[in-house]
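Following: one structure in structure tokens, then a few remarks.
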Amino acid sequence: MEIILAFVIGGLFAAGIYMLLRRSLVKLLIGLALLSHAANLLIFTAAKLTRGSPPVIDMDETVLTAPFADPLPQALILTAIVIGFGVIAFALALAYRVYRSVGTDDLDQMQSTDTQS
Amino acid sequence: MNPLLILPILIPMLTAILAVLFRDSRGVQRAISSLGAWALFVASAVLVNDVWRNGIQAAQMGNWPAPYGITLVADLFSAVMVLLAGIIAAAVAMYSLFSIDGKREEFGYHPLFHFLLVGICGAFLTGDLFNLYVWFEVMLMASFVLLALGGERGQMEGAIKYVTINLISSAMFLSALGILYAMAGTLNMADLAYKFSTISALQPQGIVTALAILFMVAFGIKAAVFPLFFWLPASYHTPPVAVSALFAGLLTKVGVYALIRVFTLIFVNDVGYTHTLILILAALTMVSGVLGAVAQNEFRRVLSFLLISHIGYIIMGLGLFTPFALAGSVFYITHHIIVKTNLFLISGVVERLGGTPSLKKLGGLYKTQPGLALFFLIAAMSLAGMPPLSGFFAKLSLLRAGLDVGQYVIVAVALAAGILTLFSMLKIWAEAFWKSPPGPQPVNANAGMPHLDLRNWLFPVAFLAAITVLIGLGAGPAFNFALQAGEQLMDPSAYIQAVMGGAR
């Protein structure tokens, strides 16, 4: 299962970076979203996948018995997803304003702030 | 638990919330914002005093013991960074009162300003790497909106680049965190430092180094280190001057702080590779930044490139990796934040007076504004490293640290970049202040604006210039302080002890 997820994560990173390199503003945003998903999945996979053993202490025990799934990475991912959601929502609104004020979604034409040589 | 550690996060947060609640009344909002900034300044000064007297302070949030809960830690380096954030907050809040237009205030300039400070102070104080990521995001979110607020075309283009590059950096940081957690099973910095110093023999060194480089790239983007700095000159000159002064003073320094923290506390097993790489990057950053500055002809663009160049000086101390060199870094970052913010504030006054940012069209300000010219000269000469101002001692300590360990190449590069810094500061001096105004007076762009009372604008500038002079005159005690901070950074055992308590 880890192997499959490793390929999925690699594919997401590759697709994300490919999208970032396109000229369209919307594709740039899709690329950013893919990158953040890839990072989340990476945390999930790197913390080892444990199947069917939630981190719940049994009624007659006082400590967890191994093997159990580590709950911390999932808490981290949850935080990262919420932050990523907020940031992407802001980026979408920003992209719309950029389109309105620049009049194009072609990133190659947004050069008015570049440093002239 | 020490409440002083939470105050620098709580004060701006409360200020921001209150400012949102009073968003209908511009006057109340402005009063709250100023009060909050000065309160942060006072609280951070008290924190520095406490850490200086009583050693490294740590507080466990929610009373969860160290490696499990979130820890706030203040060693001397963190504390002094928080103090600098307080000083810059106070100066820029004062400056904003006169320079930010009503439209931006209406759309929440003051709350955003303080939310930005929440993120910055949180990043300086946290002792947990994932928490650092969260503070980064708080800070970035506020900075995104501050950068885009106003919606001018240049701002929009600058903002989309800034947002993209920062989100890429965040994704990298997050991936690095995932791999680090898989490797060490903890994200508490003190715990990580302890684990990496004891069990790192079990890990293949290659993976640790690769991870270190991943962190270096993620923080390097935020700190604008060569070759990852291209976003900075493309965005920092677009927002209002108060915003770019705040960004120039504090935002990149959060990246530098994270670099120094991670590469003194955690990734110290392969110094020969990682820190040599940092040293090479420092040299390239200095050179490319200053060459960019020489080629520019706009006030704020020159300053943006010089900012990059001086990031190189700061991480040079990290690359040399001796207590004396790190002390040099701490001293340099202190001097640099104050001087750089001041120069940006002055650029705002100049642009307002001359009606244009272009150096070619400015001129004659020495004759009309001798006070402003004096403050510019203090800040500029300090940045270039002229004695007896703070920049001289900052450069001197770094150069001596370089000579001590025999890294002559970096010393030569630093000296050459220093001369070019002096050249570009003198270019601004000659063009904007000294030469007579070119041709007939241009049509005054501020014709419709109310007459500006320069004394208001100059007060924050004078405040920061006074601090620069004070650091220069009191260089002995100030460097002694920095040396203590450098020694704390080089020997993490006290840091680990303060966080983990009796657990180790």
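Please note that chains go A, B, ... in the order of the structure tokens, that every chain numbers its residues from 1, and that ligands are numbered from 1 in the order shown.
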Near range 290-296 of chain B, within 12 Å and counting only C-alpha atoms, which residues show up once chain neighbours fewer than 5 positions away are dropped, as a count of residues only?
46
Tell me, counting only C-alpha atoms, for each residue of chain A within 7 Å of chain B, which pair of atoms is nearest and how far apart they are in Å to one decimal, in rows ordered by chain and increasing number, as a Markdown table.
| residue | atom | partner | partner_atom | distance |
| --- | --- | --- | --- | --- |
| A:Leu32 | CA | B:Leu167 | CA | 6.9 |
| A:Leu35 | CA | B:Ala171 | CA | 6.3 |
| A:Ser36 | CA | B:Ala171 | CA | 5.5 |
| A:Ala39 | CA | B:Ser175 | CA | 4.9 |
| A:Leu42 | CA | B:Gly178 | CA | 6.3 |
| A:Ile43 | CA | B:Gly178 | CA | 4.1 |
| A:Ala46 | CA | B:Ala182 | CA | 5.3 |
| A:Ala47 | CA | B:Ala182 | CA | 5.0 |
| A:Val98 | CA | B:Met156 | CA | 5.5 |
| A:Ser101 | CA | B:Arg153 | CA | 5.8 |
| A:Val102 | CA | B:Arg153 | CA | 6.3 |
| A:Met110 | CA | B:Glu157 | CA | 6.0 |
| A:Ser112 | CA | B:Gly154 | CA | 6.5 |
| A:Thr113 | CA | B:Ala234 | CA | 5.5 |
| A:Asp114 | CA | B:Ala234 | CA | 5.2 |
| A:Thr115 | CA | B:Ala234 | CA | 6.7 |
Just to be explicit: take each residue in the selection above, keep C-alpha atoms, and write the result as a compact mmCIF listing (two decimals), in the first residue's frame.
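Produced file selection_6.txt, reproduced below:
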# COMPACT_ATOMS: atom_id res chain seq x y z
CA LEU A 32 -0.78 24.93 -5.98
CA LEU A 35 1.11 20.48 -4.32
CA SER A 36 -0.60 20.96 -0.97
CA ALA A 39 2.32 17.27 0.93
CA LEU A 42 3.16 12.53 2.18
CA ILE A 43 2.68 13.17 5.90
CA ALA A 46 5.39 8.76 5.98
CA ALA A 47 3.82 8.12 9.39
CA VAL A 98 -5.85 40.07 -10.91
CA SER A 101 -7.31 44.61 -13.11
CA VAL A 102 -4.80 43.20 -15.59
CA MET A 110 2.20 40.32 -15.97
CA SER A 112 4.90 45.57 -15.15
CA THR A 113 6.54 44.99 -11.75
CA ASP A 114 9.55 43.09 -13.09
CA THR A 115 12.93 44.69 -12.80
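With only C-alpha atoms as the basis for measurement, A:Leu34 is the residue among A:Asp70, A:Leu34, A:Phe44, A:Leu64 that approaches Leu20 in chain A most closely.
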Skipping near chain neighbours, those fewer than 3 positions away, what residues fall within 9 Å of Ala45 in chain B using only C-alpha atoms, listed as a PyMOL selection string?
chain B and resi 40-42+48-50+79-80+82-83+86
If you keep N, CA and C atoms, can you produce a file of those selected residues as a compact mmCIF listing (two decimals), in the first residue's frame?
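Contents of part_32.txt, as written:
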# COMPACT_ATOMS: atom_id res chain seq x y z
N LEU B 40 3.04 46.08 22.76
CA LEU B 40 3.90 44.98 22.32
C LEU B 40 5.37 45.32 22.55
N PHE B 41 5.73 46.56 22.25
CA PHE B 41 7.11 47.01 22.45
C PHE B 41 7.51 46.86 23.92
N VAL B 42 6.64 47.33 24.82
CA VAL B 42 6.96 47.26 26.25
C VAL B 42 7.05 45.81 26.70
N VAL B 48 12.82 40.45 27.10
CA VAL B 48 14.28 40.40 26.90
C VAL B 48 14.99 40.52 28.23
N ASN B 49 14.53 41.44 29.06
CA ASN B 49 15.14 41.64 30.37
C ASN B 49 15.06 40.36 31.19
N ASP B 50 13.89 39.71 31.14
CA ASP B 50 13.67 38.49 31.93
C ASP B 50 14.61 37.37 31.45
N ALA B 79 14.15 36.22 22.01
CA ALA B 79 13.67 37.38 22.75
C ALA B 79 14.05 38.66 22.02
N VAL B 80 15.28 38.70 21.50
CA VAL B 80 15.71 39.94 20.85
C VAL B 80 14.95 40.13 19.53
N VAL B 82 11.84 39.22 19.08
CA VAL B 82 10.53 39.73 19.46
C VAL B 82 10.62 41.21 19.79
N LEU B 83 11.71 41.60 20.47
CA LEU B 83 11.89 43.02 20.79
C LEU B 83 11.98 43.85 19.51
N GLY B 86 8.71 44.37 18.15
CA GLY B 86 8.01 45.41 18.90
C GLY B 86 8.44 46.81 18.47
Minimum-distance residue to Leu399 in chain B, chosen among B:Ile338, B:Pro387, B:Ile100, B:Leu320 (using only C-alpha atoms)
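Looking only at the distances to Leu399 in chain B, the closest residue turns out to be B:Leu320.
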Counting only C-alpha atoms, what is within 12 Å of Met386 in chain B, bar same-chain residues fewer than 4 positions away, as number ranges by chain?
B: 377-382, 390-396, 418-419, 421-422, 425, 469, 472
Output C-alpha atoms for every residue in that selection, as a short mmCIF file (atom, residue, chain, number, x, y, z; two decimals), in the first residue's frame.
data_model
loop_
_atom_site.label_atom_id
_atom_site.label_comp_id
_atom_site.auth_asym_id
_atom_site.auth_seq_id
_atom_site.Cartn_x
_atom_site.Cartn_y
_atom_site.Cartn_z
CA LEU B 377 22.70 59.82 5.97
CA ILE B 378 22.71 58.16 9.39
CA ALA B 379 20.76 55.15 8.14
CA ALA B 380 22.64 54.90 4.84
CA MET B 381 26.10 55.13 6.38
CA SER B 382 25.10 52.62 9.02
CA SER B 390 25.87 50.08 14.27
CA GLY B 391 26.60 48.62 10.83
CA PHE B 392 30.34 49.02 11.28
CA PHE B 393 30.44 46.86 14.39
CA ALA B 394 28.09 44.30 12.85
CA LYS B 395 30.33 43.91 9.79
CA LEU B 396 33.50 44.00 11.87
CA GLY B 418 30.26 46.42 1.49
CA ILE B 419 31.96 48.83 -0.89
CA THR B 421 26.62 48.93 -0.75
CA LEU B 422 28.33 52.21 0.02
CA MET B 425 23.75 54.40 -0.90
CA VAL B 469 23.10 55.58 16.85
CA GLY B 472 26.63 52.11 17.55
#
So, counting only C-alpha atoms, which residue among B:Tyr162, B:Trp429, B:Phe136, B:Phe263 is closest to Val118 in chain B?
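Closest to Val118 in chain B of all the choices is B:Phe136.
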DSSP on the backbone: what in range 275-368 of chain B comes out helix (DSSP H, G or I), as a PyMOL selection string?
chain B and resi 275-295+299-320+323-354+365-368
